[in-house]
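Novice: Below is the file protein_20.csv, with CSV, C-alpha atoms.
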chain,number,residue,atom,x,y,z
A,1,MET,CA,-11.8,9.3,8.7
A,2,LYS,CA,-8.8,8.4,10.7
A,3,PRO,CA,-5.4,8.2,8.9
A,4,GLN,CA,-5.2,4.5,8.9
A,5,VAL,CA,-4.3,1.8,6.4
A,6,THR,CA,-5.0,-1.8,7.6
A,7,VAL,CA,-4.7,-3.7,4.3
A,8,VAL,CA,-2.8,-3.1,1.1
A,9,THR,CA,-4.3,-5.1,-1.7
A,10,LEU,CA,-2.4,-5.8,-4.9
A,11,GLY,CA,-4.7,-6.8,-7.8
A,12,VAL,CA,-2.6,-9.5,-9.6
A,13,ARG,CA,-3.1,-11.1,-13.0
A,14,ASN,CA,-1.8,-14.5,-11.8
A,15,LEU,CA,-2.4,-15.1,-8.1
A,16,ASP,CA,-0.5,-18.3,-7.9
A,17,THR,CA,2.6,-16.9,-9.6
A,18,SER,CA,2.6,-13.9,-7.2
A,19,TYR,CA,1.9,-16.2,-4.2
A,20,ASP,CA,4.9,-18.4,-5.1
A,21,PHE,CA,7.1,-15.3,-5.3
A,22,TYR,CA,6.2,-14.0,-1.8
A,23,SER,CA,5.9,-17.3,-0.1
A,24,LYS,CA,8.6,-19.4,-1.7
A,25,ALA,CA,11.1,-17.0,-3.2
A,26,LEU,CA,10.9,-14.5,-0.3
A,27,GLY,CA,10.0,-17.2,2.3
A,28,TRP,CA,7.0,-15.3,3.8
A,29,GLU,CA,4.5,-17.3,5.9
A,30,PRO,CA,1.0,-16.5,4.8
A,31,LEU,CA,-1.9,-15.8,7.1
A,32,THR,CA,-4.1,-17.5,4.6
A,33,TYR,CA,-3.9,-18.6,1.0
A,34,VAL,CA,-6.8,-19.7,-1.3
A,35,PRO,CA,-5.2,-20.9,-4.5
A,36,ASP,CA,-6.3,-18.9,-7.6
A,37,GLU,CA,-8.2,-16.5,-5.3
A,38,MET,CA,-6.3,-14.6,-2.6
A,39,ALA,CA,-3.5,-14.6,-0.1
A,40,PHE,CA,-2.8,-12.6,3.0
A,41,PHE,CA,0.6,-11.8,4.6
A,42,GLN,CA,1.3,-9.8,7.7
A,43,VAL,CA,3.7,-7.0,6.7
A,44,GLY,CA,3.7,-4.8,9.8
A,45,HIS,CA,2.1,-4.0,13.1
A,46,GLY,CA,-1.6,-4.7,12.3
A,47,LEU,CA,-0.9,-4.5,8.6
A,48,VAL,CA,-1.8,-7.0,5.9
A,49,LEU,CA,-0.6,-7.3,2.4
A,50,SER,CA,-3.3,-9.0,0.3
A,51,LEU,CA,-2.8,-10.5,-3.1
A,52,PHE,CA,-6.1,-10.7,-4.9
A,53,ARG,CA,-7.1,-11.7,-8.5
A,54,ALA,CA,-7.3,-8.4,-10.3
A,55,ASP,CA,-10.4,-9.6,-12.2
A,56,HIS,CA,-12.2,-10.6,-9.0
A,57,LEU,CA,-11.1,-7.4,-7.3
A,58,ALA,CA,-12.6,-5.3,-10.1
A,59,ALA,CA,-15.9,-7.1,-9.6
A,60,GLU,CA,-16.1,-5.7,-6.0
A,61,ALA,CA,-13.8,-2.7,-6.0
A,62,GLY,CA,-14.9,-1.0,-9.2
A,63,GLU,CA,-13.2,-1.0,-12.5
A,64,ILE,CA,-9.5,-1.3,-11.8
A,65,GLY,CA,-6.7,-3.0,-13.8
A,66,HIS,CA,-3.3,-3.0,-15.2
A,67,GLY,CA,-2.4,-0.6,-18.0
A,68,PRO,CA,0.7,-0.9,-20.2
A,69,LEU,CA,2.9,0.6,-17.6
A,70,ALA,CA,3.7,-0.8,-14.1
A,71,PRO,CA,1.2,0.3,-11.5
A,72,PRO,CA,1.7,3.8,-10.1
A,73,VAL,CA,2.4,2.7,-6.6
A,74,THR,CA,5.5,1.5,-4.8
A,75,LEU,CA,5.9,-0.4,-1.5
A,76,GLY,CA,8.7,0.7,0.7
A,77,HIS,CA,10.8,-1.7,2.8
A,78,ASN,CA,13.2,0.2,5.0
A,79,VAL,CA,16.5,-1.2,6.2
A,80,GLY,CA,19.4,0.1,8.3
A,81,SER,CA,22.1,1.0,5.9
A,82,PRO,CA,23.1,1.4,2.2
A,83,ASP,CA,24.9,-1.9,2.4
A,84,GLU,CA,21.8,-3.6,3.5
A,85,VAL,CA,19.9,-2.1,0.6
A,86,ASP,CA,22.5,-3.5,-1.9
A,87,ALA,CA,22.6,-6.9,-0.1
A,88,LEU,CA,18.8,-7.2,0.0
A,89,LEU,CA,18.4,-6.2,-3.7
A,90,ASN,CA,21.0,-8.9,-4.6
A,91,THR,CA,19.0,-11.5,-2.5
A,92,VAL,CA,15.6,-10.8,-4.0
A,93,VAL,CA,17.0,-10.7,-7.6
A,94,ALA,CA,18.7,-14.0,-7.0
A,95,ALA,CA,15.3,-15.3,-5.8
A,96,GLY,CA,13.8,-14.3,-9.1
A,97,ALA,CA,12.7,-10.6,-8.7
A,98,GLU,CA,13.4,-8.2,-11.5
A,99,LEU,CA,15.9,-5.5,-10.7
A,100,VAL,CA,14.3,-2.1,-11.7
A,101,ALA,CA,16.9,0.3,-10.3
A,102,GLU,CA,20.2,-0.4,-8.5
A,103,GLY,CA,20.9,1.1,-5.1
A,104,THR,CA,21.6,4.8,-5.6
A,105,ALA,CA,22.3,7.8,-3.2
A,106,MET,CA,19.2,10.0,-3.3
A,107,SER,CA,19.0,13.8,-3.2
A,108,TRP,CA,17.1,13.6,0.0
A,109,GLY,CA,19.9,12.0,1.9
A,110,GLY,CA,19.0,8.4,1.7
A,111,TYR,CA,19.9,5.4,-0.5
A,112,SER,CA,17.5,3.2,-2.3
A,113,GLY,CA,16.9,0.8,-5.1
A,114,TYR,CA,13.9,-0.9,-6.7
A,115,PHE,CA,12.8,-4.4,-7.7
A,116,ALA,CA,9.6,-5.6,-9.3
A,117,ASP,CA,7.4,-8.6,-8.3
A,118,PRO,CA,6.0,-11.0,-10.9
A,119,ASP,CA,3.0,-8.8,-11.6
A,120,GLY,CA,5.1,-5.7,-12.0
A,121,PHE,CA,4.6,-4.0,-8.7
A,122,HIS,CA,7.6,-2.0,-7.7
A,123,TRP,CA,9.2,-2.3,-4.3
A,124,GLU,CA,11.6,0.3,-2.9
A,125,VAL,CA,14.4,-1.1,-0.7
A,126,CYS,CA,15.4,2.0,1.2
A,127,HIS,CA,17.7,3.4,3.8
A,128,ASN,CA,16.3,6.7,5.1
A,129,PRO,CA,18.3,7.9,8.0
A,130,GLY,CA,15.8,10.7,8.5
A,131,LEU,CA,12.7,8.4,9.0
A,132,ILE,CA,12.5,7.5,12.7
A,133,VAL,CA,10.0,5.0,14.1
A,134,ALA,CA,9.6,5.3,17.9
A,135,GLU,CA,8.8,2.2,20.1
A,136,ASP,CA,5.1,3.1,20.1
A,137,GLY,CA,5.0,3.2,16.3
A,138,THR,CA,5.1,7.0,15.9
A,139,VAL,CA,6.9,8.1,12.8
A,140,SER,CA,8.9,11.3,12.6
A,141,LEU,CA,11.1,12.9,10.0
A,142,ARG,CA,14.4,14.4,10.6
A,143,VAL,CA,16.0,16.6,7.9
A,144,ILE,CA,19.5,15.3,7.0
A,145,VAL,CA,22.0,18.1,6.4
B,1,MET,CA,13.7,-10.3,3.1
B,2,LYS,CA,11.5,-9.7,6.1
B,3,PRO,CA,7.7,-9.4,5.4
B,4,GLN,CA,7.6,-5.7,6.1
B,5,VAL,CA,6.0,-2.6,4.4
B,6,THR,CA,7.1,0.7,5.9
B,7,VAL,CA,5.9,3.1,3.2
B,8,VAL,CA,3.1,2.9,0.6
B,9,THR,CA,3.7,5.4,-2.1
B,10,LEU,CA,1.0,6.5,-4.5
B,11,GLY,CA,2.2,8.1,-7.7
B,12,VAL,CA,-0.2,10.9,-8.3
B,13,ARG,CA,-0.8,13.1,-11.4
B,14,ASN,CA,-1.5,16.2,-9.4
B,15,LEU,CA,0.2,16.2,-6.0
B,16,ASP,CA,-1.5,19.3,-4.7
B,17,THR,CA,-5.0,18.1,-5.6
B,18,SER,CA,-4.3,14.8,-3.8
B,19,TYR,CA,-2.7,16.6,-0.9
B,20,ASP,CA,-5.8,18.8,-0.5
B,21,PHE,CA,-8.0,15.8,-0.4
B,22,TYR,CA,-6.1,14.0,2.4
B,23,SER,CA,-5.2,17.0,4.4
B,24,LYS,CA,-8.2,19.2,4.0
B,25,ALA,CA,-11.2,17.0,3.0
B,26,LEU,CA,-10.1,14.1,5.3
B,27,GLY,CA,-8.4,16.3,7.8
B,28,TRP,CA,-5.1,14.4,8.1
B,29,GLU,CA,-2.1,16.1,9.6
B,30,PRO,CA,0.9,15.6,7.3
B,31,LEU,CA,4.4,14.5,8.6
B,32,THR,CA,5.7,16.6,5.7
B,33,TYR,CA,4.5,18.3,2.6
B,34,VAL,CA,6.5,19.8,-0.2
B,35,PRO,CA,4.1,21.5,-2.6
B,36,ASP,CA,4.1,20.0,-6.1
B,37,GLU,CA,6.6,17.4,-5.0
B,38,MET,CA,5.6,15.0,-2.1
B,39,ALA,CA,3.7,14.6,1.1
B,40,PHE,CA,3.9,12.0,3.9
B,41,PHE,CA,1.1,10.9,6.3
B,42,GLN,CA,1.4,8.5,9.1
B,43,VAL,CA,-1.3,5.8,8.5
B,44,GLY,CA,-0.4,3.1,11.1
B,45,HIS,CA,2.1,1.9,13.6
B,46,GLY,CA,5.4,2.8,11.8
B,47,LEU,CA,3.6,3.1,8.5
B,48,VAL,CA,3.7,6.0,6.1
B,49,LEU,CA,1.4,6.9,3.2
B,50,SER,CA,3.4,8.9,0.7
B,51,LEU,CA,2.0,10.9,-2.2
B,52,PHE,CA,4.6,11.5,-4.8
B,53,ARG,CA,4.4,13.1,-8.3
B,54,ALA,CA,4.0,10.1,-10.6
B,55,ASP,CA,6.4,11.6,-13.2
B,56,HIS,CA,9.1,12.1,-10.6
B,57,LEU,CA,8.5,8.7,-9.1
B,58,ALA,CA,9.0,7.1,-12.5
B,59,ALA,CA,12.3,8.9,-12.8
B,60,GLU,CA,13.7,7.0,-9.7
B,61,ALA,CA,11.4,3.9,-9.5
B,62,GLY,CA,11.4,2.8,-13.1
B,63,GLU,CA,8.7,3.3,-15.7
B,64,ILE,CA,5.4,3.4,-13.8
B,65,GLY,CA,2.2,5.3,-14.5
B,66,HIS,CA,-1.5,5.4,-14.8
B,67,GLY,CA,-3.3,3.5,-17.5
B,68,PRO,CA,-6.9,4.0,-18.6
B,69,LEU,CA,-8.2,2.0,-15.7
B,70,ALA,CA,-7.9,2.9,-12.0
B,71,PRO,CA,-4.6,1.4,-10.5
B,72,PRO,CA,-4.8,-2.3,-9.6
B,73,VAL,CA,-4.4,-1.7,-5.9
B,74,THR,CA,-6.7,-0.9,-3.0
B,75,LEU,CA,-6.0,0.5,0.4
B,76,GLY,CA,-8.1,-1.0,3.2
B,77,HIS,CA,-9.4,1.0,6.2
B,78,ASN,CA,-11.1,-1.3,8.7
B,79,VAL,CA,-13.8,-0.2,11.0
B,80,GLY,CA,-15.9,-1.9,13.8
B,81,SER,CA,-19.3,-2.5,12.2
B,82,PRO,CA,-21.3,-2.3,8.9
B,83,ASP,CA,-23.0,0.9,10.2
B,84,GLU,CA,-19.5,2.5,10.6
B,85,VAL,CA,-18.7,1.5,7.0
B,86,ASP,CA,-21.9,3.2,5.7
B,87,ALA,CA,-21.3,6.3,7.9
B,88,LEU,CA,-17.7,6.7,6.8
B,89,LEU,CA,-18.5,6.3,3.1
B,90,ASN,CA,-21.1,9.0,3.5
B,91,THR,CA,-18.6,11.2,5.3
B,92,VAL,CA,-15.9,10.9,2.7
B,93,VAL,CA,-18.3,11.3,-0.2
B,94,ALA,CA,-19.6,14.5,1.4
B,95,ALA,CA,-16.0,15.6,1.6
B,96,GLY,CA,-15.5,15.1,-2.1
B,97,ALA,CA,-14.5,11.5,-2.6
B,98,GLU,CA,-16.1,9.5,-5.4
B,99,LEU,CA,-18.3,6.7,-4.3
B,100,VAL,CA,-17.2,3.5,-6.2
B,101,ALA,CA,-19.3,0.9,-4.5
B,102,GLU,CA,-21.8,1.2,-1.7
B,103,GLY,CA,-21.5,-0.9,1.4
B,104,THR,CA,-22.3,-4.5,0.7
B,105,ALA,CA,-22.4,-7.7,2.6
B,106,MET,CA,-19.5,-9.8,1.3
B,107,SER,CA,-19.4,-13.6,0.7
B,108,TRP,CA,-16.6,-13.9,3.2
B,109,GLY,CA,-18.7,-12.7,6.1
B,110,GLY,CA,-17.7,-9.0,6.2
B,111,TYR,CA,-19.2,-5.8,4.8
B,112,SER,CA,-17.4,-3.2,2.7
B,113,GLY,CA,-17.7,-0.4,0.2
B,114,TYR,CA,-15.2,1.6,-1.9
B,115,PHE,CA,-14.4,5.2,-2.6
B,116,ALA,CA,-11.9,6.8,-5.0
B,117,ASP,CA,-9.4,9.6,-4.2
B,118,PRO,CA,-8.8,12.4,-6.7
B,119,ASP,CA,-6.2,10.4,-8.6
B,120,GLY,CA,-8.5,7.3,-8.8
B,121,PHE,CA,-6.9,5.2,-6.1
B,122,HIS,CA,-9.6,3.0,-4.6
B,123,TRP,CA,-10.0,2.7,-0.8
B,124,GLU,CA,-12.0,-0.1,0.8
B,125,VAL,CA,-13.9,0.8,3.9
B,126,CYS,CA,-14.3,-2.6,5.5
B,127,HIS,CA,-15.8,-4.4,8.5
B,128,ASN,CA,-14.1,-7.7,8.7
B,129,PRO,CA,-15.1,-9.5,11.9
B,130,GLY,CA,-12.6,-12.3,11.2
B,131,LEU,CA,-9.6,-10.0,11.1
B,132,ILE,CA,-8.2,-9.7,14.6
B,133,VAL,CA,-5.3,-7.4,15.5
B,134,ALA,CA,-3.7,-8.2,18.9
B,135,GLU,CA,-2.2,-5.5,21.2
B,136,ASP,CA,1.2,-6.3,19.9
B,137,GLY,CA,0.1,-5.8,16.3
B,138,THR,CA,-0.1,-9.5,15.4
B,139,VAL,CA,-2.8,-10.1,12.9
B,140,SER,CA,-4.9,-13.3,12.9
B,141,LEU,CA,-7.8,-14.5,10.8
B,142,ARG,CA,-10.8,-16.3,12.1
B,143,VAL,CA,-13.2,-18.0,9.8
B,144,ILE,CA,-16.7,-16.7,10.2
B,145,VAL,CA,-19.4,-19.4,9.9
Reformat the file's structure so that it appears as structure tokens.

Specialist:
Amino acid sequence: MKPQVTVVTLGVRNLDTSYDFYSKALGWEPLTYVPDEMAFFQVGHGLVLSLFRADHLAAEAGEIGHGPLAPPVTLGHNVGSPDEVDALLNTVVAAGAELVAEGTAMSWGGYSGYFADPDGFHWEVCHNPGLIVAEDGTVSLRVIV
Amino acid sequence: MKPQVTVVTLGVRNLDTSYDFYSKALGWEPLTYVPDEMAFFQVGHGLVLSLFRADHLAAEAGEIGHGPLAPPVTLGHNVGSPDEVDALLNTVVAAGAELVAEGTAMSWGGYSGYFADPDGFHWEVCHNPGLIVAEDGTVSLRVIV
């Protein structure tokens, strides 16, 4: 199996609420949207973020679902500086996201903070000066001293 | 906020078991691996899959964790035909993954099946003839009649 992720699907309890957050609050243009069913957004080079009703997803993807805690997954959105992290967190919180953790200097040399979408999925807004993406999409890590 | 995901982080209960699955059973070369802490794999153009101890992730990303059900998220891996879906599911199950759902023709015109990694995260192996990725990474959807 090649190391490749094409689609990240979030199983959401209320599709339309989640769709409104990404499309209206964040202003993302969907690739497709079927109310009360699913929505696709392009979130990278050949990469789709899919919102799918959790109950319907469980019907095809096996028994999955939300527990009492937020899902054990985070989606990272990298930006160019600590100031951009803080500014973006302010923007999304003003747009209705829940602030989970303010921007903080991390032990590994970066700076990040977290917000939650309406279904409780946590996003990391991150400045990681050691994570380099080349023109052809190759990722490399540089250790920051 | 731009529609962009740079990193998908899975909060795992046993990092080394999950790392062994992706690196040894699936044969993926890591970008970095810190035993009992974290591992990064490149899984797309500028895209990282991160495995991170769920308890450490919760310390920085807010209270997240596993409930009694599998996490409400799936990672999609697209291939070129239904036969490739079946072959890949056989390969990963032989390598130790749990089969969650056999390859099945879907109502939306594609064909997919699911497996689970050691921490219960579900992967969809999918043939979607309507999902087109252009050379520049632009994704488009074509309705299959």

Novice: I'd like the interatomic distance between atom CA of Ala25 of chain A and atom CA of Ala61 of chain B, to a tenth of an Å.

Specialist: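 Taking atom CA of Ala25 of chain A and atom CA of Ala61 of chain B, their separation equals 21.8 Å.
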
Novice: May I ask you to extract the residues of chain B within 6 Å of chain A, using all atoms listed in the file, and to give them as a count of residues only?

Specialist: 32

Novice: Just fit chain A onto chain B on all the Cα atoms, in order, by least squares, and give it as a JSON list (two decimals) with C-alpha atoms, keeping the file's coordinate frame.

Specialist:
[["chain", "number", "residue", "atom", "x", "y", "z"],
["A", 1, "MET", "CA", 13.68, -10.24, 3.10],
["A", 2, "LYS", "CA", 11.46, -9.73, 6.04],
["A", 3, "PRO", "CA", 7.67, -9.34, 5.43],
["A", 4, "GLN", "CA", 7.57, -5.69, 6.06],
["A", 5, "VAL", "CA", 6.01, -2.66, 4.41],
["A", 6, "THR", "CA", 7.14, 0.73, 5.88],
["A", 7, "VAL", "CA", 5.88, 3.11, 3.16],
["A", 8, "VAL", "CA", 3.08, 2.96, 0.65],
["A", 9, "THR", "CA", 3.69, 5.41, -2.13],
["A", 10, "LEU", "CA", 0.92, 6.55, -4.44],
["A", 11, "GLY", "CA", 2.24, 8.04, -7.72],
["A", 12, "VAL", "CA", -0.25, 10.93, -8.34],
["A", 13, "ARG", "CA", -0.78, 13.05, -11.44],
["A", 14, "ASN", "CA", -1.56, 16.19, -9.39],
["A", 15, "LEU", "CA", 0.16, 16.23, -6.01],
["A", 16, "ASP", "CA", -1.51, 19.31, -4.74],
["A", 17, "THR", "CA", -5.02, 18.11, -5.60],
["A", 18, "SER", "CA", -4.35, 14.78, -3.81],
["A", 19, "TYR", "CA", -2.71, 16.60, -0.85],
["A", 20, "ASP", "CA", -5.78, 18.84, -0.44],
["A", 21, "PHE", "CA", -8.01, 15.75, -0.43],
["A", 22, "TYR", "CA", -6.11, 13.95, 2.38],
["A", 23, "SER", "CA", -5.23, 16.96, 4.39],
["A", 24, "LYS", "CA", -8.24, 19.21, 4.05],
["A", 25, "ALA", "CA", -11.13, 17.01, 3.03],
["A", 26, "LEU", "CA", -10.11, 14.10, 5.31],
["A", 27, "GLY", "CA", -8.39, 16.38, 7.89],
["A", 28, "TRP", "CA", -5.12, 14.35, 8.08],
["A", 29, "GLU", "CA", -2.05, 16.06, 9.60],
["A", 30, "PRO", "CA", 0.92, 15.53, 7.37],
["A", 31, "LEU", "CA", 4.37, 14.56, 8.53],
["A", 32, "THR", "CA", 5.74, 16.68, 5.77],
["A", 33, "TYR", "CA", 4.47, 18.31, 2.62],
["A", 34, "VAL", "CA", 6.54, 19.83, -0.26],
["A", 35, "PRO", "CA", 4.07, 21.47, -2.59],
["A", 36, "ASP", "CA", 4.11, 20.00, -6.15],
["A", 37, "GLU", "CA", 6.57, 17.32, -4.94],
["A", 38, "MET", "CA", 5.55, 14.98, -2.12],
["A", 39, "ALA", "CA", 3.65, 14.52, 1.09],
["A", 40, "PHE", "CA", 3.89, 12.05, 3.90],
["A", 41, "PHE", "CA", 1.13, 10.93, 6.33],
["A", 42, "GLN", "CA", 1.37, 8.46, 9.14],
["A", 43, "VAL", "CA", -1.29, 5.79, 8.51],
["A", 44, "GLY", "CA", -0.39, 3.13, 11.08],
["A", 45, "HIS", "CA", 2.13, 1.87, 13.56],
["A", 46, "GLY", "CA", 5.42, 2.78, 11.78],
["A", 47, "LEU", "CA", 3.61, 3.14, 8.49],
["A", 48, "VAL", "CA", 3.69, 6.05, 6.07],
["A", 49, "LEU", "CA", 1.48, 6.85, 3.20],
["A", 50, "SER", "CA", 3.45, 8.93, 0.66],
["A", 51, "LEU", "CA", 1.96, 10.92, -2.15],
["A", 52, "PHE", "CA", 4.56, 11.48, -4.82],
["A", 53, "ARG", "CA", 4.42, 13.05, -8.35],
["A", 54, "ALA", "CA", 3.98, 10.07, -10.62],
["A", 55, "ASP", "CA", 6.38, 11.63, -13.17],
["A", 56, "HIS", "CA", 9.10, 12.17, -10.56],
["A", 57, "LEU", "CA", 8.49, 8.71, -9.12],
["A", 58, "ALA", "CA", 9.01, 7.11, -12.54],
["A", 59, "ALA", "CA", 12.35, 8.89, -12.80],
["A", 60, "GLU", "CA", 13.61, 6.96, -9.70],
["A", 61, "ALA", "CA", 11.35, 3.94, -9.46],
["A", 62, "GLY", "CA", 11.37, 2.78, -13.06],
["A", 63, "GLU", "CA", 8.74, 3.25, -15.64],
["A", 64, "ILE", "CA", 5.44, 3.35, -13.80],
["A", 65, "GLY", "CA", 2.20, 5.26, -14.55],
["A", 66, "HIS", "CA", -1.46, 5.40, -14.82],
["A", 67, "GLY", "CA", -3.23, 3.44, -17.55],
["A", 68, "PRO", "CA", -6.85, 4.00, -18.61],
["A", 69, "LEU", "CA", -8.18, 2.06, -15.73],
["A", 70, "ALA", "CA", -7.83, 2.88, -11.98],
["A", 71, "PRO", "CA", -4.68, 1.45, -10.48],
["A", 72, "PRO", "CA", -4.81, -2.23, -9.55],
["A", 73, "VAL", "CA", -4.38, -1.71, -5.88],
["A", 74, "THR", "CA", -6.74, -0.88, -3.05],
["A", 75, "LEU", "CA", -6.06, 0.48, 0.46],
["A", 76, "GLY", "CA", -8.08, -1.02, 3.22],
["A", 77, "HIS", "CA", -9.37, 0.98, 6.21],
["A", 78, "ASN", "CA", -11.02, -1.30, 8.72],
["A", 79, "VAL", "CA", -13.76, -0.18, 11.08],
["A", 80, "GLY", "CA", -15.91, -1.86, 13.74],
["A", 81, "SER", "CA", -19.23, -2.45, 12.17],
["A", 82, "PRO", "CA", -21.33, -2.30, 8.95],
["A", 83, "ASP", "CA", -22.90, 0.89, 10.20],
["A", 84, "GLU", "CA", -19.58, 2.47, 10.54],
["A", 85, "VAL", "CA", -18.70, 1.49, 7.00],
["A", 86, "ASP", "CA", -21.90, 3.19, 5.67],
["A", 87, "ALA", "CA", -21.36, 6.27, 7.92],
["A", 88, "LEU", "CA", -17.71, 6.64, 6.89],
["A", 89, "LEU", "CA", -18.49, 6.24, 3.14],
["A", 90, "ASN", "CA", -21.18, 8.98, 3.51],
["A", 91, "THR", "CA", -18.57, 11.27, 5.27],
["A", 92, "VAL", "CA", -15.81, 10.90, 2.71],
["A", 93, "VAL", "CA", -18.25, 11.32, -0.26],
["A", 94, "ALA", "CA", -19.60, 14.44, 1.34],
["A", 95, "ALA", "CA", -15.97, 15.63, 1.62],
["A", 96, "GLY", "CA", -15.58, 15.19, -2.09],
["A", 97, "ALA", "CA", -14.50, 11.50, -2.63],
["A", 98, "GLU", "CA", -16.08, 9.54, -5.41],
["A", 99, "LEU", "CA", -18.28, 6.69, -4.31],
["A", 100, "VAL", "CA", -17.15, 3.53, -6.27],
["A", 101, "ALA", "CA", -19.25, 0.88, -4.53],
["A", 102, "GLU", "CA", -21.82, 1.21, -1.71],
["A", 103, "GLY", "CA", -21.48, -0.82, 1.46],
["A", 104, "THR", "CA", -22.38, -4.41, 0.63],
["A", 105, "ALA", "CA", -22.39, -7.76, 2.64],
["A", 106, "MET", "CA", -19.52, -9.84, 1.25],
["A", 107, "SER", "CA", -19.39, -13.61, 0.70],
["A", 108, "TRP", "CA", -16.59, -13.86, 3.15],
["A", 109, "GLY", "CA", -18.64, -12.64, 6.04],
["A", 110, "GLY", "CA", -17.75, -9.03, 6.13],
["A", 111, "TYR", "CA", -19.21, -5.75, 4.81],
["A", 112, "SER", "CA", -17.43, -3.24, 2.72],
["A", 113, "GLY", "CA", -17.66, -0.42, 0.28],
["A", 114, "TYR", "CA", -15.26, 1.58, -1.88],
["A", 115, "PHE", "CA", -14.44, 5.22, -2.62],
["A", 116, "ALA", "CA", -11.86, 6.73, -4.92],
["A", 117, "ASP", "CA", -9.38, 9.59, -4.19],
["A", 118, "PRO", "CA", -8.79, 12.40, -6.69],
["A", 119, "ASP", "CA", -6.21, 10.41, -8.61],
["A", 120, "GLY", "CA", -8.40, 7.36, -8.82],
["A", 121, "PHE", "CA", -6.95, 5.18, -6.14],
["A", 122, "HIS", "CA", -9.55, 2.98, -4.59],
["A", 123, "TRP", "CA", -10.02, 2.71, -0.86],
["A", 124, "GLU", "CA", -11.93, -0.14, 0.79],
["A", 125, "VAL", "CA", -13.89, 0.84, 3.94],
["A", 126, "CYS", "CA", -14.33, -2.54, 5.55],
["A", 127, "HIS", "CA", -15.75, -4.39, 8.48],
["A", 128, "ASN", "CA", -14.10, -7.81, 8.76],
["A", 129, "PRO", "CA", -15.14, -9.49, 11.91],
["A", 130, "GLY", "CA", -12.68, -12.28, 11.18],
["A", 131, "LEU", "CA", -9.52, -10.00, 11.05],
["A", 132, "ILE", "CA", -8.17, -9.68, 14.60],
["A", 133, "VAL", "CA", -5.30, -7.37, 15.54],
["A", 134, "ALA", "CA", -3.76, -8.24, 18.93],
["A", 135, "GLU", "CA", -2.25, -5.50, 21.23],
["A", 136, "ASP", "CA", 1.25, -6.30, 19.96],
["A", 137, "GLY", "CA", 0.18, -5.80, 16.34],
["A", 138, "THR", "CA", -0.13, -9.50, 15.41],
["A", 139, "VAL", "CA", -2.82, -10.15, 12.88],
["A", 140, "SER", "CA", -4.87, -13.33, 12.81],
["A", 141, "LEU", "CA", -7.80, -14.56, 10.80],
["A", 142, "ARG", "CA", -10.79, -16.22, 12.15],
["A", 143, "VAL", "CA", -13.19, -18.01, 9.76],
["A", 144, "ILE", "CA", -16.77, -16.68, 10.20],
["A", 145, "VAL", "CA", -19.40, -19.41, 9.97]]

Novice: Just to confirm, what's the straight-line distance from atom CA of Asp16 of chain B to atom CA of Val143 of chain A in Å (one decimal)?

Specialist: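 Distance reported for this atom pair: 21.7 Å.
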
Novice: Would you work out the distance separating atom CA of Ala105 of chain A from atom CA of Ser18 of chain B, expressed in Å to one decimal?

Specialist: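 Separation between atom CA of Ala105 of chain A and atom CA of Ser18 of chain B: 27.5 Å.
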
Novice: Find, counting only C-alpha atoms, the residue in B:His127, B:Gly109, B:Ser81, B:Gly96 that gets nearest to Asp20 of chain B.

Specialist: B:Gly96

Novice: Leaving out Pro35 of chain B and any residue of its chain fewer than 3 positions from it, which residues lie within 8 Å of it when counting all atoms listed in the file, given as a PyMOL selection string?

Specialist: chain B and resi 15-16+38-39
